[in-house]
file structure36.csv (CSV, C-alpha atoms)
chain,number,residue,atom,x,y,z
A,20,MET,CA,-9.8,-2.7,63.2
A,21,LYS,CA,-9.6,-6.3,61.9
A,22,LYS,CA,-12.4,-5.6,59.3
A,23,ARG,CA,-10.6,-2.5,58.2
A,24,ILE,CA,-7.4,-4.4,57.6
A,25,GLN,CA,-9.3,-7.1,55.7
A,26,LEU,CA,-10.9,-4.4,53.6
A,27,ILE,CA,-7.5,-2.8,52.8
A,28,LEU,CA,-6.1,-6.2,51.9
A,29,SER,CA,-9.0,-7.0,49.7
A,30,SER,CA,-8.7,-3.6,47.9
A,31,LEU,CA,-5.0,-4.3,47.3
A,32,VAL,CA,-5.7,-7.7,45.9
A,33,VAL,CA,-8.3,-6.2,43.5
A,34,LEU,CA,-5.8,-3.4,42.5
A,35,ILE,CA,-3.1,-6.0,41.9
A,36,PHE,CA,-5.5,-8.2,39.8
A,37,CYS,CA,-6.6,-5.2,37.8
A,38,TRP,CA,-3.0,-4.2,37.1
A,39,ILE,CA,-2.1,-7.7,36.0
A,40,LEU,CA,-5.1,-7.8,33.8
A,41,PHE,CA,-4.3,-4.5,32.2
A,42,SER,CA,-0.7,-5.6,31.6
A,43,ILE,CA,-1.9,-8.7,29.8
A,44,ILE,CA,-4.4,-6.8,27.7
A,45,ASN,CA,-1.8,-4.2,26.9
A,46,SER,CA,0.7,-6.8,25.9
A,47,LEU,CA,-1.8,-8.6,23.7
A,48,SER,CA,-2.7,-5.3,22.0
A,49,LYS,CA,0.9,-4.8,21.2
A,50,ASP,CA,1.3,-8.3,19.9
A,51,GLU,CA,-1.6,-7.5,17.5
A,52,GLY,CA,0.5,-4.7,16.0
A,53,HIS,CA,2.6,-4.9,12.9
A,54,GLN,CA,5.5,-6.6,14.7
A,55,PHE,CA,8.4,-5.1,12.9
A,56,SER,CA,11.6,-7.1,12.7
A,57,TYR,CA,14.8,-6.4,10.8
A,58,SER,CA,15.3,-8.3,7.5
A,59,ASP,CA,18.9,-9.0,6.5
A,60,ALA,CA,17.7,-9.7,3.0
A,61,ILE,CA,16.5,-6.1,2.3
A,62,GLN,CA,18.2,-4.3,5.2
A,63,ILE,CA,15.1,-2.6,6.7
A,64,ASP,CA,12.5,-3.4,9.4
A,65,VAL,CA,9.7,-5.5,8.0
A,66,PRO,CA,6.1,-6.0,9.4
A,67,GLN,CA,6.0,-9.7,10.2
A,68,LYS,CA,2.4,-9.9,11.1
A,69,HIS,CA,1.5,-9.9,7.4
A,70,SER,CA,2.4,-12.6,4.9
A,71,ILE,CA,1.6,-11.0,1.5
A,72,HIS,CA,4.5,-8.6,0.6
A,73,GLY,CA,5.3,-6.8,-2.6
A,74,ILE,CA,7.3,-4.0,-4.3
A,75,ASP,CA,6.6,-1.3,-6.8
A,76,VAL,CA,8.9,-0.4,-9.8
A,77,SER,CA,9.3,2.0,-12.6
A,78,HIS,CA,12.0,3.0,-15.1
A,79,HIS,CA,13.7,4.8,-12.2
A,80,ASN,CA,14.7,1.3,-11.0
A,81,GLY,CA,16.6,0.6,-14.3
A,82,ASN,CA,16.7,-3.0,-15.3
A,83,VAL,CA,14.8,-4.8,-12.7
A,84,PRO,CA,16.5,-8.1,-11.5
A,85,TRP,CA,13.4,-10.2,-11.6
A,86,HIS,CA,15.2,-13.4,-10.8
A,87,ARG,CA,16.4,-11.9,-7.4
A,88,ILE,CA,13.0,-10.5,-6.6
A,89,SER,CA,11.2,-13.8,-7.3
A,90,GLN,CA,13.6,-15.7,-5.1
A,91,LEU,CA,13.8,-13.1,-2.3
A,92,ASP,CA,13.0,-14.2,1.2
A,93,LEU,CA,12.2,-11.3,3.5
A,94,PHE,CA,12.3,-13.5,6.6
A,95,ASP,CA,11.7,-17.2,7.2
A,96,THR,CA,9.6,-18.4,4.2
A,97,VAL,CA,7.9,-15.1,3.5
A,98,SER,CA,8.7,-13.9,-0.1
A,99,VAL,CA,7.6,-11.1,-2.5
A,100,LYS,CA,4.1,-12.0,-3.9
A,101,PHE,CA,3.1,-9.0,-5.8
A,102,VAL,CA,4.4,-6.0,-7.8
A,103,PHE,CA,3.0,-2.7,-8.9
A,104,ILE,CA,4.5,-1.5,-12.2
A,105,LYS,CA,4.4,2.1,-13.5
A,106,ALA,CA,2.7,2.3,-16.8
A,107,THR,CA,1.9,5.9,-17.6
A,108,GLU,CA,2.1,9.5,-16.4
A,109,GLY,CA,0.0,12.5,-17.4
A,110,ARG,CA,-1.7,12.7,-20.8
A,111,SER,CA,0.9,11.0,-23.0
A,112,LEU,CA,4.0,9.7,-21.1
A,113,GLN,CA,4.3,5.9,-21.1
A,114,ASP,CA,7.0,4.2,-19.0
A,115,PRO,CA,9.6,2.8,-21.5
A,116,ASN,CA,10.2,-0.2,-19.3
A,117,PHE,CA,6.5,-1.1,-18.7
A,118,HIS,CA,6.1,-3.9,-21.3
A,119,THR,CA,9.4,-5.6,-20.2
A,120,ASN,CA,8.5,-5.3,-16.5
A,121,TRP,CA,4.9,-6.4,-17.1
A,122,HIS,CA,6.0,-9.5,-19.0
A,123,HIS,CA,8.8,-10.6,-16.6
A,124,ALA,CA,6.6,-10.1,-13.5
A,125,LYS,CA,4.1,-12.6,-14.8
A,126,GLN,CA,6.8,-14.9,-16.1
A,127,LYS,CA,8.3,-15.1,-12.5
A,128,GLY,CA,4.9,-15.9,-11.0
A,129,LEU,CA,4.3,-12.5,-9.3
A,130,THR,CA,0.8,-11.0,-9.1
A,131,ARG,CA,1.1,-7.8,-11.0
A,132,GLY,CA,-0.6,-4.4,-11.0
A,133,ALA,CA,-0.2,-1.3,-13.1
A,134,TYR,CA,-0.2,2.3,-11.9
A,135,HIS,CA,-0.6,5.8,-13.4
A,136,PHE,CA,1.3,8.8,-12.0
A,137,TYR,CA,-1.4,11.5,-11.9
A,138,ILE,CA,-0.6,15.1,-12.9
A,139,PRO,CA,-3.1,17.4,-11.2
A,140,THR,CA,-2.7,20.1,-13.9
A,141,ARG,CA,-3.6,17.8,-16.8
A,142,ASP,CA,-7.1,16.7,-17.9
A,143,PRO,CA,-8.2,13.6,-16.0
A,144,ILE,CA,-10.0,11.9,-18.8
A,145,GLU,CA,-7.0,12.3,-21.2
A,146,GLN,CA,-4.8,10.8,-18.5
A,147,ALA,CA,-7.2,7.9,-18.0
A,148,ARG,CA,-7.3,7.2,-21.7
A,149,ASN,CA,-3.5,7.2,-21.8
A,150,PHE,CA,-3.4,4.5,-19.1
A,151,CYS,CA,-6.2,2.4,-20.6
A,152,GLN,CA,-4.6,2.5,-24.1
A,153,LEU,CA,-1.4,0.9,-22.7
A,154,VAL,CA,-2.5,-1.4,-19.9
A,155,LYS,CA,-4.4,-4.6,-20.8
A,156,LEU,CA,-5.3,-6.2,-17.6
A,157,GLU,CA,-5.9,-10.0,-17.4
A,158,GLU,CA,-7.5,-12.4,-15.1
A,159,GLY,CA,-5.4,-12.6,-11.9
A,160,ASP,CA,-4.0,-9.1,-12.2
A,161,LEU,CA,-4.5,-6.4,-9.5
A,162,PRO,CA,-6.9,-3.5,-10.1
A,163,PRO,CA,-5.5,-0.4,-11.8
A,164,VAL,CA,-3.9,2.3,-9.6
A,165,CYS,CA,-4.1,6.1,-9.5
A,166,ASP,CA,-0.8,7.4,-7.9
A,167,ILE,CA,-1.3,10.9,-6.7
A,168,GLU,CA,1.5,12.5,-4.6
A,169,VAL,CA,1.4,16.2,-5.4
A,170,THR,CA,-1.2,18.9,-5.8
A,171,ASN,CA,0.7,21.3,-8.1
A,172,GLN,CA,-1.1,24.1,-6.4
A,173,VAL,CA,-4.5,23.0,-7.8
A,174,ASN,CA,-7.2,23.8,-5.3
A,175,HIS,CA,-8.5,20.9,-3.3
A,176,HIS,CA,-12.1,21.0,-4.5
A,177,GLN,CA,-11.0,20.8,-8.2
A,178,LEU,CA,-8.4,18.2,-7.5
A,179,LYS,CA,-10.8,15.9,-5.7
A,180,ARG,CA,-13.3,16.2,-8.5
A,181,ASN,CA,-10.8,15.4,-11.2
A,182,VAL,CA,-9.3,12.5,-9.4
A,183,LYS,CA,-12.8,11.1,-8.9
A,184,LYS,CA,-13.3,11.4,-12.7
A,185,PHE,CA,-10.1,9.6,-13.4
A,186,LEU,CA,-11.0,6.7,-11.0
A,187,ASP,CA,-14.5,6.5,-12.3
A,188,TYR,CA,-13.2,6.2,-15.9
A,189,LEU,CA,-10.9,3.3,-14.9
A,190,SER,CA,-13.7,1.7,-12.9
A,191,LYS,CA,-16.0,1.7,-16.0
A,192,HIS,CA,-13.3,0.6,-18.4
A,193,TYR,CA,-11.9,-2.3,-16.5
A,194,GLN,CA,-15.1,-3.2,-14.7
A,195,THR,CA,-13.4,-3.3,-11.3
A,196,ASN,CA,-12.8,-1.1,-8.3
A,197,PRO,CA,-9.5,0.9,-8.8
A,198,ILE,CA,-6.9,1.6,-6.1
A,199,LEU,CA,-5.9,5.0,-5.0
A,200,TYR,CA,-2.3,5.4,-3.9
A,201,THR,CA,-1.3,8.5,-1.9
A,202,ASN,CA,0.7,9.7,1.1
A,203,LEU,CA,-0.5,10.2,4.6
A,204,ARG,CA,-0.7,14.0,4.3
A,205,MET,CA,-2.7,14.0,1.1
A,206,TYR,CA,-5.0,11.3,2.4
A,207,SER,CA,-5.8,13.4,5.4
A,208,ASP,CA,-6.3,16.6,3.4
A,209,LEU,CA,-8.1,15.3,0.4
A,210,PHE,CA,-9.3,11.7,0.4
A,211,ASN,CA,-10.4,10.9,3.9
A,212,ASN,CA,-14.1,11.3,3.1
A,213,GLU,CA,-17.1,9.3,1.9
A,214,GLU,CA,-16.5,10.3,-1.8
A,215,PHE,CA,-13.4,8.0,-1.9
A,216,ASN,CA,-14.4,5.3,0.6
A,217,ASP,CA,-15.5,3.0,-2.1
A,218,PHE,CA,-12.0,2.9,-3.7
A,219,HIS,CA,-9.3,0.6,-2.4
A,220,LEU,CA,-6.6,2.6,-0.7
A,221,TRP,CA,-2.8,2.1,-0.9
A,222,LEU,CA,-1.1,4.3,1.6
A,223,ALA,CA,2.5,5.4,1.8
A,224,SER,CA,3.3,5.9,5.5
A,225,TYR,CA,6.8,5.4,6.9
A,226,ASP,CA,6.2,5.9,10.6
A,227,GLU,CA,5.5,2.4,11.8
A,228,GLU,CA,4.0,3.7,15.1
A,229,ASN,CA,1.4,6.0,13.6
A,230,ILE,CA,-0.1,4.4,10.4
A,231,VAL,CA,-3.8,5.2,10.1
A,232,GLU,CA,-6.0,2.3,9.1
A,233,PRO,CA,-9.3,3.3,7.5
A,234,ASP,CA,-11.8,0.6,6.4
A,235,ASN,CA,-10.7,0.8,2.7
A,236,LEU,CA,-7.0,0.5,3.4
A,237,ARG,CA,-5.7,-2.5,1.5
A,238,PHE,CA,-2.0,-1.9,0.8
A,239,TRP,CA,0.7,-0.2,2.9
A,240,GLN,CA,4.0,1.1,1.5
A,241,TYR,CA,6.0,0.9,4.7
A,242,SER,CA,9.5,1.8,3.3
A,243,LYS,CA,11.1,3.4,0.3
A,244,HIS,CA,14.7,2.5,1.4
A,245,GLY,CA,14.7,-1.3,1.0
A,246,LYS,CA,17.6,-3.0,-0.7
A,247,LEU,CA,18.2,-5.9,-3.0
A,248,LYS,CA,21.3,-8.1,-2.9
A,249,GLY,CA,23.8,-7.0,-5.7
A,250,ASN,CA,21.9,-3.8,-6.4
A,251,SER,CA,22.8,-0.3,-5.1
A,252,LYS,CA,19.3,1.3,-5.6
A,253,SER,CA,16.6,1.8,-3.0
A,254,TRP,CA,13.3,-0.1,-3.5
A,255,ASP,CA,9.8,0.6,-2.3
A,256,TYR,CA,8.4,-2.2,-0.1
A,257,ASN,CA,4.7,-2.8,0.5
A,258,VAL,CA,2.4,-5.2,2.3
A,259,PHE,CA,-1.2,-6.3,1.8
A,260,LEU,CA,-3.2,-5.8,4.9
A,261,GLY,CA,-5.3,-8.9,4.8
A,262,ASP,CA,-5.2,-12.7,4.3
A,263,HIS,CA,-4.9,-14.8,1.1
A,264,THR,CA,-8.7,-15.0,0.7
A,265,GLU,CA,-9.1,-11.3,0.9
A,266,PHE,CA,-6.2,-10.8,-1.5
A,267,ALA,CA,-7.8,-13.2,-4.0
A,268,THR,CA,-11.0,-11.1,-4.0
A,269,MET,CA,-9.0,-8.1,-5.1
A,270,LEU,CA,-7.9,-9.7,-8.4
A,271,ILE,CA,-9.3,-9.3,-11.8
A,272,LYS,CA,-11.8,-12.0,-12.6
call {"tool": "encode", "arguments": {"input": "structure36.csv", "output": "structure tokens"}}
result
Amino acid sequence: MKKRIQLILSSLVVLIFCWILFSIINSLSKDEGHQFSYSDAIQIDVPQKHSIHGIDVSHHNGNVPWHRISQLDLFDTVSVKFVFIKATEGRSLQDPNFHTNWHHAKQKGLTRGAYHFYIPTRDPIEQARNFCQLVKLEEGDLPPVCDIEVTNQVNHHQLKRNVKKFLDYLSKHYQTNPILYTNLRMYSDLFNNEEFNDFHLWLASYDEENIVEPDNLRFWQYSKHGKLKGNSKSWDYNVFLGDHTEFATMLIK
């Protein structure tokens, strides 16, 4: 009987130890998450684990208050470090605010990148030429971006083939690896395959609990409802999923 009691007590000790160990590991794994916390400055929850934050802008934002953006503290001493700026759309459209935004972003010390809004029903090479004609990337800029958010009922096989042509054209023209921006649904349906694994990924995903994190994921657009003091518009906020050394390797040399 005494041995049996000792065995039961030993088993209980082991179970308690395992439960404590599991709780510690589970707690640590949660701590390794994105650690969202509310930012009074932009009035949304911000992932605090990451220190390199940014925005993206286009003519839809109107006159961008660059002085506010360059001085913005999301929390503690973490500020906006980079900005993606719309340059072109389709075969011929060029954002009327691009040159102004491009100039002011650099003037304010922000790392800048340019993006093209891809139209699936338009020729990919003509779209790429439209972008390359306008955007002159310099040392220290981010790679060019293909922003694809809709299919326009183009079949998946053709769409993937054409987007690949567009990205390959940019890659050859700028001698750098482009960035593919898309939403979670389109990534899952179209771009979650080996054909696009070599391109950097910028993913729009607004569910902080369920973001997918493939190996080529570099940027995460975590909100499209951020604010700026003194401005009534909503702003897209992004974060780079890496450290400063990894960020530096992304830049045009």
call {"tool": "closest_residue", "arguments": {"input": "structure36.csv", "among": "A:Gly249, A:Asn212, A:Gln113, A:Thr96", "to": "A:Ile71", "atoms": "all atoms listed in the file"}}
result
A:Thr96
call {"tool": "atom_distance", "arguments": {"input": "structure36.csv", "atom1": "atom CA of A:Phe103", "atom2": "atom CA of A:Trp221"}}
result
11.0 Å
call {"tool": "closest_residue", "arguments": {"input": "structure36.csv", "among": "A:Leu129, A:Leu209, A:Met269, A:Leu91", "to": "A:His176", "atoms": "all atoms listed in the file"}}
result
A:Leu209
call {"tool": "residues_around", "arguments": {"input": "structure36.csv", "residues": "A:Leu186", "least_positions_apart": "4", "cutoff": "8 Å", "atoms": "all atoms listed in the file", "output": "ChimeraX atom specification"}}
result
/A:165,182,190,197
call {"tool": "residues_around", "arguments": {"input": "structure36.csv", "residues": "stretch 66-70 of chain A", "least_positions_apart": "3", "cutoff": "12 Å", "atoms": "only C-alpha atoms", "output": "MDAnalysis selection string"}}
result
chainID A and resid 49:58 63 73 92:101 225:228 237:242 256:263 266
call {"tool": "write_last_selection", "arguments": {"input": "structure36.csv", "atoms": "C-alpha atoms", "output": "PDB file, in the coordinates of the input"}}
result
ATOM      1  CA  LYS A  49       0.900  -4.800  21.200  1.00  0.00           C
ATOM      2  CA  ASP A  50       1.300  -8.300  19.900  1.00  0.00           C
ATOM      3  CA  GLU A  51      -1.600  -7.500  17.500  1.00  0.00           C
ATOM      4  CA  GLY A  52       0.500  -4.700  16.000  1.00  0.00           C
ATOM      5  CA  HIS A  53       2.600  -4.900  12.900  1.00  0.00           C
ATOM      6  CA  GLN A  54       5.500  -6.600  14.700  1.00  0.00           C
ATOM      7  CA  PHE A  55       8.400  -5.100  12.900  1.00  0.00           C
ATOM      8  CA  SER A  56      11.600  -7.100  12.700  1.00  0.00           C
ATOM      9  CA  TYR A  57      14.800  -6.400  10.800  1.00  0.00           C
ATOM     10  CA  SER A  58      15.300  -8.300   7.500  1.00  0.00           C
ATOM     11  CA  ILE A  63      15.100  -2.600   6.700  1.00  0.00           C
ATOM     12  CA  GLY A  73       5.300  -6.800  -2.600  1.00  0.00           C
ATOM     13  CA  ASP A  92      13.000 -14.200   1.200  1.00  0.00           C
ATOM     14  CA  LEU A  93      12.200 -11.300   3.500  1.00  0.00           C
ATOM     15  CA  PHE A  94      12.300 -13.500   6.600  1.00  0.00           C
ATOM     16  CA  ASP A  95      11.700 -17.200   7.200  1.00  0.00           C
ATOM     17  CA  THR A  96       9.600 -18.400   4.200  1.00  0.00           C
ATOM     18  CA  VAL A  97       7.900 -15.100   3.500  1.00  0.00           C
ATOM     19  CA  SER A  98       8.700 -13.900  -0.100  1.00  0.00           C
ATOM     20  CA  VAL A  99       7.600 -11.100  -2.500  1.00  0.00           C
ATOM     21  CA  LYS A 100       4.100 -12.000  -3.900  1.00  0.00           C
ATOM     22  CA  PHE A 101       3.100  -9.000  -5.800  1.00  0.00           C
ATOM     23  CA  TYR A 225       6.800   5.400   6.900  1.00  0.00           C
ATOM     24  CA  ASP A 226       6.200   5.900  10.600  1.00  0.00           C
ATOM     25  CA  GLU A 227       5.500   2.400  11.800  1.00  0.00           C
ATOM     26  CA  GLU A 228       4.000   3.700  15.100  1.00  0.00           C
ATOM     27  CA  ARG A 237      -5.700  -2.500   1.500  1.00  0.00           C
ATOM     28  CA  PHE A 238      -2.000  -1.900   0.800  1.00  0.00           C
ATOM     29  CA  TRP A 239       0.700  -0.200   2.900  1.00  0.00           C
ATOM     30  CA  GLN A 240       4.000   1.100   1.500  1.00  0.00           C
ATOM     31  CA  TYR A 241       6.000   0.900   4.700  1.00  0.00           C
ATOM     32  CA  SER A 242       9.500   1.800   3.300  1.00  0.00           C
ATOM     33  CA  TYR A 256       8.400  -2.200  -0.100  1.00  0.00           C
ATOM     34  CA  ASN A 257       4.700  -2.800   0.500  1.00  0.00           C
ATOM     35  CA  VAL A 258       2.400  -5.200   2.300  1.00  0.00           C
ATOM     36  CA  PHE A 259      -1.200  -6.300   1.800  1.00  0.00           C
ATOM     37  CA  LEU A 260      -3.200  -5.800   4.900  1.00  0.00           C
ATOM     38  CA  GLY A 261      -5.300  -8.900   4.800  1.00  0.00           C
ATOM     39  CA  ASP A 262      -5.200 -12.700   4.300  1.00  0.00           C
ATOM     40  CA  HIS A 263      -4.900 -14.800   1.100  1.00  0.00           C
ATOM     41  CA  PHE A 266      -6.200 -10.800  -1.500  1.00  0.00           C
TER      42      PHE A 266
END
call {"tool": "atom_distance", "arguments": {"input": "structure36.csv", "atom1": "atom CA of A:Gln90", "atom2": "atom CA of A:Lys127"}}
result
9.1 Å
call {"tool": "atom_distance", "arguments": {"input": "structure36.csv", "atom1": "atom CA of A:Thr107", "atom2": "atom CA of A:Lys243"}}
result
20.3 Å
call {"tool": "residues_around", "arguments": {"input": "structure36.csv", "residues": "A:Ser251", "least_positions_apart": "3", "cutoff": "12 Å", "atoms": "all atoms listed in the file", "output": "number ranges by chain"}}
result
A: 61-62, 80-81, 83-84, 244-248, 254
call {"tool": "closest_residue", "arguments": {"input": "structure36.csv", "among": "A:Asp64, A:Glu213, A:Glu168, A:Glu232", "to": "A:Thr201", "atoms": "all atoms listed in the file"}}
result
A:Glu168
call {"tool": "closest_residue", "arguments": {"input": "structure36.csv", "among": "A:Thr170, A:Ser224, A:Ser89, A:Asn82", "to": "A:Gly128", "atoms": "only C-alpha atoms"}}
result
A:Ser89
call {"tool": "closest_atom_pairs", "arguments": {"input": "structure36.csv", "of": "stretch 88-125 of chain A", "to": "stretch 139-154 of chain A", "cutoff": "12 Å", "atoms": "all atoms listed in the file", "output": "Markdown table"}}
result
| residue | atom | partner | partner_atom | distance |
| --- | --- | --- | --- | --- |
| A:Ile104 | CA | A:Val154 | CA | 10.4 |
| A:Lys105 | CA | A:Phe150 | CA | 9.9 |
| A:Ala106 | CA | A:Phe150 | CA | 6.9 |
| A:Thr107 | CA | A:Phe150 | CA | 5.7 |
| A:Glu108 | CA | A:Gln146 | CA | 7.3 |
| A:Gly109 | CA | A:Gln146 | CA | 5.2 |
| A:Arg110 | CA | A:Gln146 | CA | 4.3 |
| A:Ser111 | CA | A:Asn149 | CA | 5.9 |
| A:Leu112 | CA | A:Asn149 | CA | 7.9 |
| A:Gln113 | CA | A:Leu153 | CA | 7.7 |
| A:Asp114 | CA | A:Leu153 | CA | 9.8 |
| A:Pro115 | CA | A:Leu153 | CA | 11.2 |
| A:Phe117 | CA | A:Leu153 | CA | 9.1 |
| A:His118 | CA | A:Leu153 | CA | 9.0 |
| A:Trp121 | CA | A:Val154 | CA | 9.4 |
| A:His122 | CA | A:Val154 | CA | 11.8 |
call {"tool": "write_last_selection", "arguments": {"input": "structure36.csv", "atoms": "C-alpha atoms", "output": "short mmCIF file (atom, residue, chain, number, x, y, z; two decimals), in the coordinates of the input"}}
result
data_model
loop_
_atom_site.label_atom_id
_atom_site.label_comp_id
_atom_site.auth_asym_id
_atom_site.auth_seq_id
_atom_site.Cartn_x
_atom_site.Cartn_y
_atom_site.Cartn_z
CA ILE A 104 4.50 -1.50 -12.20
CA LYS A 105 4.40 2.10 -13.50
CA ALA A 106 2.70 2.30 -16.80
CA THR A 107 1.90 5.90 -17.60
CA GLU A 108 2.10 9.50 -16.40
CA GLY A 109 0.00 12.50 -17.40
CA ARG A 110 -1.70 12.70 -20.80
CA SER A 111 0.90 11.00 -23.00
CA LEU A 112 4.00 9.70 -21.10
CA GLN A 113 4.30 5.90 -21.10
CA ASP A 114 7.00 4.20 -19.00
CA PRO A 115 9.60 2.80 -21.50
CA PHE A 117 6.50 -1.10 -18.70
CA HIS A 118 6.10 -3.90 -21.30
CA TRP A 121 4.90 -6.40 -17.10
CA HIS A 122 6.00 -9.50 -19.00
#
call {"tool": "closest_residue", "arguments": {"input": "structure36.csv", "among": "A:Leu270, A:Ala223, A:Val231, A:Val76", "to": "A:Ala124", "atoms": "all atoms listed in the file"}}
result
A:Val76
call {"tool": "residues_around", "arguments": {"input": "structure36.csv", "residues": "A:Lys272", "least_positions_apart": "6", "cutoff": "8 Å", "atoms": "all atoms listed in the file", "output": "JSON, numbers by chain"}}
result
{"A": [157, 158, 159]}
call {"tool": "write_last_selection", "arguments": {"input": "structure36.csv", "atoms": "C-alpha atoms", "output": "PDB file, in the coordinates of the input"}}
result
ATOM      1  CA  GLU A 157      -5.900 -10.000 -17.400  1.00  0.00           C
ATOM      2  CA  GLU A 158      -7.500 -12.400 -15.100  1.00  0.00           C
ATOM      3  CA  GLY A 159      -5.400 -12.600 -11.900  1.00  0.00           C
TER       4      GLY A 159
END
